[in-house]
Structure formats: structure tokens, C-alpha cells
Amino acid sequence: MIFGAVEFPPIENVIEWPAFLFKDSDYFAFNKIGLIYGLGFLIPTVIFLLAARGDGLVPRGFRTVAEGIVEFIDTQIVQAAIGPDGRRYMPLLTSLFLFIFLGNITEVIPFFQMPGNARMAAPLVLALIVYATWISVGVKHNGIGYIKEVLVPPGVPKPLYILVTPIEFLSNFLIRPFSHAVRLFANMLAGHILLVTFSVLCIAVFSASALIVVEIGTFSGLLAFTAFEVGVSLIQAFVFTILTAVYIGMALHPSH
Amino acid sequence: MSTLSQVAALAAEATDTAADDLKNANAATGAGFAYGLAAIGPGIGIGYLVGQAVQAMARQPESAGQVQTTMFLGIAFTEALALIGFVVFILLKFV
Amino acid sequence: MNLMLVLAAESTEDPPNPVIPEVNEIVWAAIFFIALWMLMKYVLLPPIQRAMENRSSTIQGDRDAADAATSALGSTRRDYEASLAAARSEASDIIAAARGRADEQRAAKQAEADAEIAELRRSAQAEIDEARASALRGMRGDVASLAVGAAGVVLGRELDAGSQQSVIDQALAAD
């Protein structure tokens with residue numbers, strides 16, 4: 001067999017990392033994933049703190065970066081999915097976008113090369129926070145009748161409610177948060193496994209001396225998929241955030 | 001006595017590993033089918049969706065931004081099925 | 001035997017499920033995300049948004065001021081042009097009026113002068129006529145006496161006044 005040297009490592013070697021802080025604690029063991037989440041907190045904080053200096057009448061340096069992010073989220077996400085009254089959800093959406101993007105982009109950064117969101121932890125936490133947020137927004141703005149309005153949508157013939165209500169319950173209250181979390185998690189895990197596969201292939205071909213010619217193909221494939229994963233990181237952060245905005249918008253204006 | 005028990009143990013072990021191998025092979029096959037089948041529908045769906053979005057953008061270039069946002073949303077919804085198939089693949093293959 | 005033990009150990013230990021999240025990672029994700037969210041809400045985002053709003057309102061204000069100045073400039077120019085046109089028409093009115101008045105005055109002066117000239121001519125004519133008449137009268141007397149003298153000399157006698165006069169009249173008429 002030509003590719004006798006190709007051996008995919010066990011999955012836990014690819015996505016699980018040993019703790020290096022608080023090793024004994026079950027709840028606070030701090031590993032590479034925790035470090036990535038920590039960077040997802042630290043980098044936006046530093047950028048925005050540095051951006052807040054000065055009067056800001058003429059933006060420069062970090063302020064340009066921060067204002068670009070805020071402008072992007074305002075026009076592309078808030079105005080597109082909620083409308084002008086969505087401004088007060090800017091903090092949630094901005095932190096979601098930055099936290100997810102930084103958790104994704106570590107997939108292609110040397111020495112990390114592991115997307116933090118390829119572990120179910122952050123997607124699950126974020127999806128649950130979003131779930132709680134849109135339900136509370138709906139109940140706050142439309143009263144407790146909002147739940148009834150979701151489950152029993154108006155304008156449906158009476159007998160069909162036997163069918164519609166369970167479907168609405170499943171799709172809105174069970175599948176929505178689940179797919180919200182799984183979409184991000186599975187995309188990042190798939191991208192990570194793809195990159196690992198190509199890296200393993202490159203190493204195997206490199207060590208098999210006669211097949212060194214194939215290395216051109218596998219290595220350019222690895223480079224292409226790395227570039228592709230940069231785009232995926234951005235788009236997944238965008239998609240998660242705009243879905244959050246859409247859910248909040250549907251809770252704010254349930255009639256449309 | 002001890003030799004006998006050792007032979008019996010080895011035989012049991014052989015049947016165990018054979019059963020394990022069978023289980024693993026079935027799991028791998030199932031995983032492959034699960035992901036392959038799960039990818040068909042979303043593949044067609046995303047192709048259709050992006051094609052229509054490109055057509056819309058070509059017809060009305062001034063609304064390209066909105067069409068693009070809606071396209072990403074639609075892709076996200078369609079893609080979910082393929083991703084659930086991928087999760088099933090992971091569960092079958094590695095668990 | 002060792003192999004069996006290893007196998008047993010492996011089968012009792014659950015292989016890690018890559019889909020199920022680990023508790024410690026959930027804890028750290030929640031801590032870091034909620035910290036970021038709260039910081040974003042109360043510390044990080046407000047100054048940026050405030051600065052952006054200030055800037056956009058400053059730009060809007062400046063643009064409004066520029067628009068107002070432009071419209072003020074337009075109205076000032078209109079006012080200026082209107083007053084210029086008014087001054088121009090007033091000036092032409094004044095000129096026309098002055099010209100009319102001058103024409104009038106000239107005509108009046110002309111008429112006065114003409115009348116004066118006519119008057120002078122008339123009085124001169126009268127004086128001339130008078131002078132001619134008086135000259136004629138004087139001449140008539142002189143001529144009569146001269147003629148009477150001459151005739152007296154010629155006739156050698158004194159003619160009485162009545163006959164003299166008739167003779168003279170006859171002579172003059174014979175002229």
C-alpha cells in the first residue's frame with residue numbers, strides 16, 4: 001500500500017488538550033481551549049480600551065479598528081435583521097461576533113491551530129445565552145402571550161393546530177438553540193479535521209521519498225484550505241451573530 | 001489447568017476482538033453513509049440557493065448587499081442538515 | 001493475561017465523546033464571554049458609540065451650517081442684484097427726468113429768446129419806420145422851403161403860402 005504511512009491520529013489527540021492550570025479541579029481546569037476563550041475576551045477588551053483614548057473626532061489607530069467593527073455590526077447585522085430599535089443589543093452582538101471570530105481564527109494561527117469553537121463548550125454557552133435572551137425579549141415586549149403566539153400562530157385553520165403546534169414547539173424551542181450551537185461547532189470541527197487530514201497527508205507524503213512530487217499537490221491543497229478556513233471563520237462568526245439578531249428581531253416584532 | 005484456562009481466555013478474546021472489529025466496521029460504514037447521504041440534500045439546496053442569489057444580484061446590483069445577507073442566512077439554515085449529518089458521522093466513527 | 005487486562009481497562013474506560021462538552025471548558029467559556037459582554041455593555045462600547053454619534057452630529061451640523069450659509073449667500077446675492085437693478089432703474093429715471101426738464105427749459109428759453117428777438121425786431125422796425133416817417137416829414141418841409149426859395153428866386157417874387165403849397169403838392173405829386 002502506497003499510503004501505508006498515512007495514519008489518522010485518534011480524535012482525542014486532535015481536539016482534546018491537557019490542562020496546565022488548576023489541574024486538579026474538575027470545574028476550573030484551564031487548558032488550551034480556556035486560553036483561546038481567554039484571548040477572545042482579552043483582545044477585544046484591549047482594542048476597545050485603546051480605542052477609547054482621545055477625543056476621537058478624527059479616528060486613527062485602534063479607534064479605526066473598533067469603529068470599523070461597530071459600524072459593520074450596526075449596518076450589516078442590526079439594521080439588516082432587527083431595525084433601528086435594535087441598537088440596545090449592540091453590546092451582545094458585538095461581543096458575540098468578536099468572541100466567536102477570535103475563537104475560530106485560532107484554527108489557522110500557528111502554535112494554536114485549534115479552533116476554540118470546535119469544542120462544544122463555547123457554542124453551547126453562547127447558544128443558551130442567546131436562547132434566554134430572545135425568549136426574555138419576546139416576553140418583555142409582547143407579554144406572556146408571546147409564547148402562545150409562537151406556539152399557536154394566528155391565521156391557521158383550527159384543526160391544523162394539532163399538527164402546527166408541536167412542530168412550532170420543536171422547531172422554535174428545541175431545534176433552534178440546538179442547531180444554532182451545532183452549526184458553529186460542526187463547521188469548526190469539520191474545518192479542523194480537514195486541516196488535520198491534509199497536514200497528516202503532507203507529512204506522510206514528505207517522509208515517503210518517492211512520492212515527494214505529490215507533496216506539491218497536497219501542500220498547495222493545505223494552503224488553499226487554510227485560506228478557505230479563514231473565510232469560514234469570518235462567515236461563521238457573522239452567521240451566528242446575524243442569526244442571533246434575527247431571533248431577537250422576531251421576538252421584538254412577532255407579526256412579521 | 002492454567003494452560004487450559006489461558007487457551008479459553010485467548011479464544012474468548014479472539015471472538016471479542018472479532019465482534020469489536022465487526023462493530024467498528026459497521027460503524028465506519030454507517031458513518032460514511034450517514035455523512036454522504038446527509039450531504040446530498042443540502043448540496044443541492046445550497047447550489048440552488050446561491051444560483052438564485054447570483055441571479056438576483058445580477059438583476060438588481062443595487063440590492064446586492066441585502067441579497068448577500070439573506071443568502072448567508074439561507075445557507076446557514078440549509079447547511080444545518082449537513083452539519084447534523086457530520087455530527088452523526090463523528091458520533092458513529094469515534095465514539 | 002496482560003493483554004486481557006489492558007483490553008478490560010480500555011473497555012471499561014469510556015472513550016471521550018468529541019461532541020459532549022467538558023465542564024471546565026463550559027465554565028471558562030461562560031466566564032470569559034459574560035465578562036466580555038458586561039464590559040462591552042458598560043465600559044467598552046459606550047465611548048466608541050458616543051464618539052461616533054458626536055462626529056456624525058458634528059458633520060451633520062457643519063453640513064447644515066454650510067447649507068444655511070449657501071442659501072444665505074444666495075439670498076444676499078439676490079438682494080444685492082435687486083437693489084442694483086432698482087438703483088439702475090432709478091438712475092435712468094433720474095436721467096430721463098433731468099433730460100426732460102432740460103428739454104423743457106431749453107424750449108422755454110428758446111421761446112423767450114424768440115419772443116425777445118421778435119420784440120426787438122418789432123421795436124427796431126417801429127423805430128425805423130418812425131425815423132423814416134420823420135425824415136420824410138422833415139424832408140418834405142425842407143424840400144418845400146427849398147423849392148419855394150428856389151422858385152422865388154427863379155420867379156423873383158414871393159409866392160403866397162397857399163399857392164406855394166398847392167404848387168409844391170403838384171410838384172411832389174408829379175414826382
# chains A, B, ... in the order shown; residues from 1 in each chain; ligands from 1
>>> interface_residues(of="chain A", to="chain B", cutoff="12 Å", atoms="only C-alpha atoms", output="JSON, numbers by chain")
{"A": [8, 9, 10, 11, 12, 13, 14, 75, 76, 77, 78, 79, 80, 81, 118, 120, 175, 176, 177, 178, 179, 180, 181, 182, 183, 184, 185, 186, 187, 188, 189, 190, 191, 193, 232, 234, 235, 236, 237, 238, 239, 240, 241, 242, 243, 244, 245, 246, 247]}
>>> closest_atom_pairs(of="chain C", to="chain A", cutoff="6 Å", atoms="only C-alpha atoms", output="tab-separated table")
residue	atom	partner	partner_atom	distance
C:Pro21	CA	A:Met120	CA	4.8
C:Val23	CA	A:Tyr27	CA	6.0
C:Asn24	CA	A:Tyr27	CA	4.5
C:Glu25	CA	A:Ala121	CA	5.6
C:Ile26	CA	A:Ala121	CA	4.5
C:Trp28	CA	A:Gly34	CA	5.7
C:Ala29	CA	A:Ala122	CA	5.2
C:Phe32	CA	A:Phe41	CA	5.6
C:Leu36	CA	A:Phe41	CA	5.5
C:Trp37	CA	A:Ser95	CA	5.6
C:Met40	CA	A:Pro91	CA	5.4
C:Lys41	CA	A:Pro91	CA	5.0
C:Leu44	CA	A:Phe48	CA	5.6
C:Ala51	CA	A:Gly56	CA	6.0
C:Arg55	CA	A:Leu57	CA	5.9
>>> residues_around(residues="Met57 in chain B", least_positions_apart="6", cutoff="8 Å", atoms="only C-alpha atoms", output="list in words")
Ser63, Ala64 and Val67 of chain B
>>> write_last_selection(atoms="C-alpha atoms", output="compact mmCIF listing (two decimals), in the first residue's frame")
# COMPACT_ATOMS: atom_id res chain seq x y z
CA SER B 63 -29.65 45.34 -3.67
CA ALA B 64 -26.61 43.03 -3.68
CA VAL B 67 -29.34 39.61 -1.09
>>> interface_residues(of="chain B", to="chain C", cutoff="12 Å", atoms="only C-alpha atoms", output="PDB file with N, CA and C atoms, in the first residue's frame")
ATOM      1  N   SER B   2      -3.856 -24.346  34.174  1.00  0.00           N
ATOM      2  CA  SER B   2      -3.646 -22.934  33.851  1.00  0.00           C
ATOM      3  C   SER B   2      -3.527 -22.743  32.351  1.00  0.00           C
ATOM      4  N   THR B   3      -2.913 -23.723  31.684  1.00  0.00           N
ATOM      5  CA  THR B   3      -2.792 -23.653  30.232  1.00  0.00           C
ATOM      6  C   THR B   3      -4.173 -23.650  29.587  1.00  0.00           C
ATOM      7  N   SER B   5      -7.035 -22.788  30.897  1.00  0.00           N
ATOM      8  CA  SER B   5      -7.777 -21.538  31.120  1.00  0.00           C
ATOM      9  C   SER B   5      -7.225 -20.442  30.216  1.00  0.00           C
ATOM     10  N   GLN B   6      -5.893 -20.488  30.036  1.00  0.00           N
ATOM     11  CA  GLN B   6      -5.281 -19.464  29.179  1.00  0.00           C
ATOM     12  C   GLN B   6      -5.795 -19.581  27.739  1.00  0.00           C
ATOM     13  N   VAL B   7      -5.886 -20.844  27.280  1.00  0.00           N
ATOM     14  CA  VAL B   7      -6.385 -21.068  25.916  1.00  0.00           C
ATOM     15  C   VAL B   7      -7.816 -20.578  25.807  1.00  0.00           C
ATOM     16  N   ALA B   8      -8.627 -20.898  26.811  1.00  0.00           N
ATOM     17  CA  ALA B   8     -10.028 -20.465  26.793  1.00  0.00           C
ATOM     18  C   ALA B   8     -10.108 -18.938  26.745  1.00  0.00           C
ATOM     19  N   ALA B   9      -9.256 -18.335  27.571  1.00  0.00           N
ATOM     20  CA  ALA B   9      -9.268 -16.864  27.615  1.00  0.00           C
ATOM     21  C   ALA B   9      -8.888 -16.301  26.268  1.00  0.00           C
ATOM     22  N   LEU B  10      -7.880 -16.892  25.642  1.00  0.00           N
ATOM     23  CA  LEU B  10      -7.429 -16.398  24.334  1.00  0.00           C
ATOM     24  C   LEU B  10      -8.535 -16.531  23.298  1.00  0.00           C
ATOM     25  N   ALA B  11      -9.265 -17.698  23.357  1.00  0.00           N
ATOM     26  CA  ALA B  11     -10.357 -17.916  22.411  1.00  0.00           C
ATOM     27  C   ALA B  11     -11.442 -16.858  22.596  1.00  0.00           C
ATOM     28  N   ALA B  12     -11.784 -16.614  23.869  1.00  0.00           N
ATOM     29  CA  ALA B  12     -12.811 -15.614  24.163  1.00  0.00           C
ATOM     30  C   ALA B  12     -12.378 -14.239  23.650  1.00  0.00           C
ATOM     31  N   GLU B  13     -11.100 -13.970  23.881  1.00  0.00           N
ATOM     32  CA  GLU B  13     -10.537 -12.684  23.441  1.00  0.00           C
ATOM     33  C   GLU B  13     -10.634 -12.555  21.929  1.00  0.00           C
ATOM     34  N   ALA B  14     -10.345 -13.690  21.225  1.00  0.00           N
ATOM     35  CA  ALA B  14     -10.401 -13.654  19.764  1.00  0.00           C
ATOM     36  C   ALA B  14     -11.810 -13.343  19.298  1.00  0.00           C
ATOM     37  N   ASP B  16     -14.048 -11.834  21.009  1.00  0.00           N
ATOM     38  CA  ASP B  16     -14.322 -10.441  21.401  1.00  0.00           C
ATOM     39  C   ASP B  16     -13.784  -9.474  20.368  1.00  0.00           C
ATOM     40  N   THR B  17     -12.502  -9.649  19.986  1.00  0.00           N
ATOM     41  CA  THR B  17     -11.916  -8.707  19.030  1.00  0.00           C
ATOM     42  C   THR B  17     -12.614  -8.812  17.684  1.00  0.00           C
ATOM     43  N   ASP B  20     -15.677  -6.902  18.030  1.00  0.00           N
ATOM     44  CA  ASP B  20     -15.332  -5.475  18.033  1.00  0.00           C
ATOM     45  C   ASP B  20     -15.028  -4.985  16.632  1.00  0.00           C
ATOM     46  N   ILE B  84     -25.519  18.341  10.851  1.00  0.00           N
ATOM     47  CA  ILE B  84     -26.015  17.315  11.767  1.00  0.00           C
ATOM     48  C   ILE B  84     -25.560  15.941  11.272  1.00  0.00           C
ATOM     49  N   PHE B  86     -22.812  15.440   9.756  1.00  0.00           N
ATOM     50  CA  PHE B  86     -21.398  15.370  10.130  1.00  0.00           C
ATOM     51  C   PHE B  86     -21.233  14.982  11.595  1.00  0.00           C
ATOM     52  N   VAL B  87     -22.106  15.539  12.439  1.00  0.00           N
ATOM     53  CA  VAL B  87     -22.037  15.191  13.867  1.00  0.00           C
ATOM     54  C   VAL B  87     -22.356  13.705  14.062  1.00  0.00           C
ATOM     55  N   VAL B  88     -23.338  13.219  13.297  1.00  0.00           N
ATOM     56  CA  VAL B  88     -23.667  11.799  13.385  1.00  0.00           C
ATOM     57  C   VAL B  88     -22.463  10.960  12.959  1.00  0.00           C
ATOM     58  N   PHE B  89     -21.782  11.427  11.918  1.00  0.00           N
ATOM     59  CA  PHE B  89     -20.564  10.744  11.462  1.00  0.00           C
ATOM     60  C   PHE B  89     -19.539  10.664  12.581  1.00  0.00           C
ATOM     61  N   ILE B  90     -19.306  11.799  13.232  1.00  0.00           N
ATOM     62  CA  ILE B  90     -18.333  11.816  14.323  1.00  0.00           C
ATOM     63  C   ILE B  90     -18.767  10.856  15.430  1.00  0.00           C
ATOM     64  N   LEU B  91     -20.062  10.900  15.744  1.00  0.00           N
ATOM     65  CA  LEU B  91     -20.534  10.048  16.833  1.00  0.00           C
ATOM     66  C   LEU B  91     -20.376   8.574  16.478  1.00  0.00           C
ATOM     67  N   LEU B  92     -20.700   8.222  15.240  1.00  0.00           N
ATOM     68  CA  LEU B  92     -20.605   6.811  14.852  1.00  0.00           C
ATOM     69  C   LEU B  92     -19.152   6.360  14.756  1.00  0.00           C
ATOM     70  N   LYS B  93     -18.320   7.241  14.220  1.00  0.00           N
ATOM     71  CA  LYS B  93     -16.958   6.824  13.904  1.00  0.00           C
ATOM     72  C   LYS B  93     -16.075   6.803  15.146  1.00  0.00           C
ATOM     73  N   PHE B  94     -16.215   7.805  15.995  1.00  0.00           N
ATOM     74  CA  PHE B  94     -15.217   7.968  17.051  1.00  0.00           C
ATOM     75  C   PHE B  94     -15.726   7.610  18.433  1.00  0.00           C
ATOM     76  N   VAL B  95     -17.012   7.316  18.581  1.00  0.00           N
ATOM     77  CA  VAL B  95     -17.489   7.017  19.925  1.00  0.00           C
ATOM     78  C   VAL B  95     -17.730   5.530  20.070  1.00  0.00           C
TER      79      VAL B  95
END
>>> atom_distance(atom1="CA of Thr165 in chain A", atom2="CA of Val152 in chain A")
5.8 Å
>>> atom_distance(atom1="CA of Leu102 in chain A", atom2="CA of Phe33 in chain C")
11.8 Å
>>> atom_distance(atom1="CA of Arg106 in chain C", atom2="CA of Asp93 in chain C")
19.5 Å
>>> closest_residue(among="C:Gly61, C:Glu104, C:Gln164, C:Ala173", to="Leu146 in chain C", atoms="only C-alpha atoms")
C:Gln164
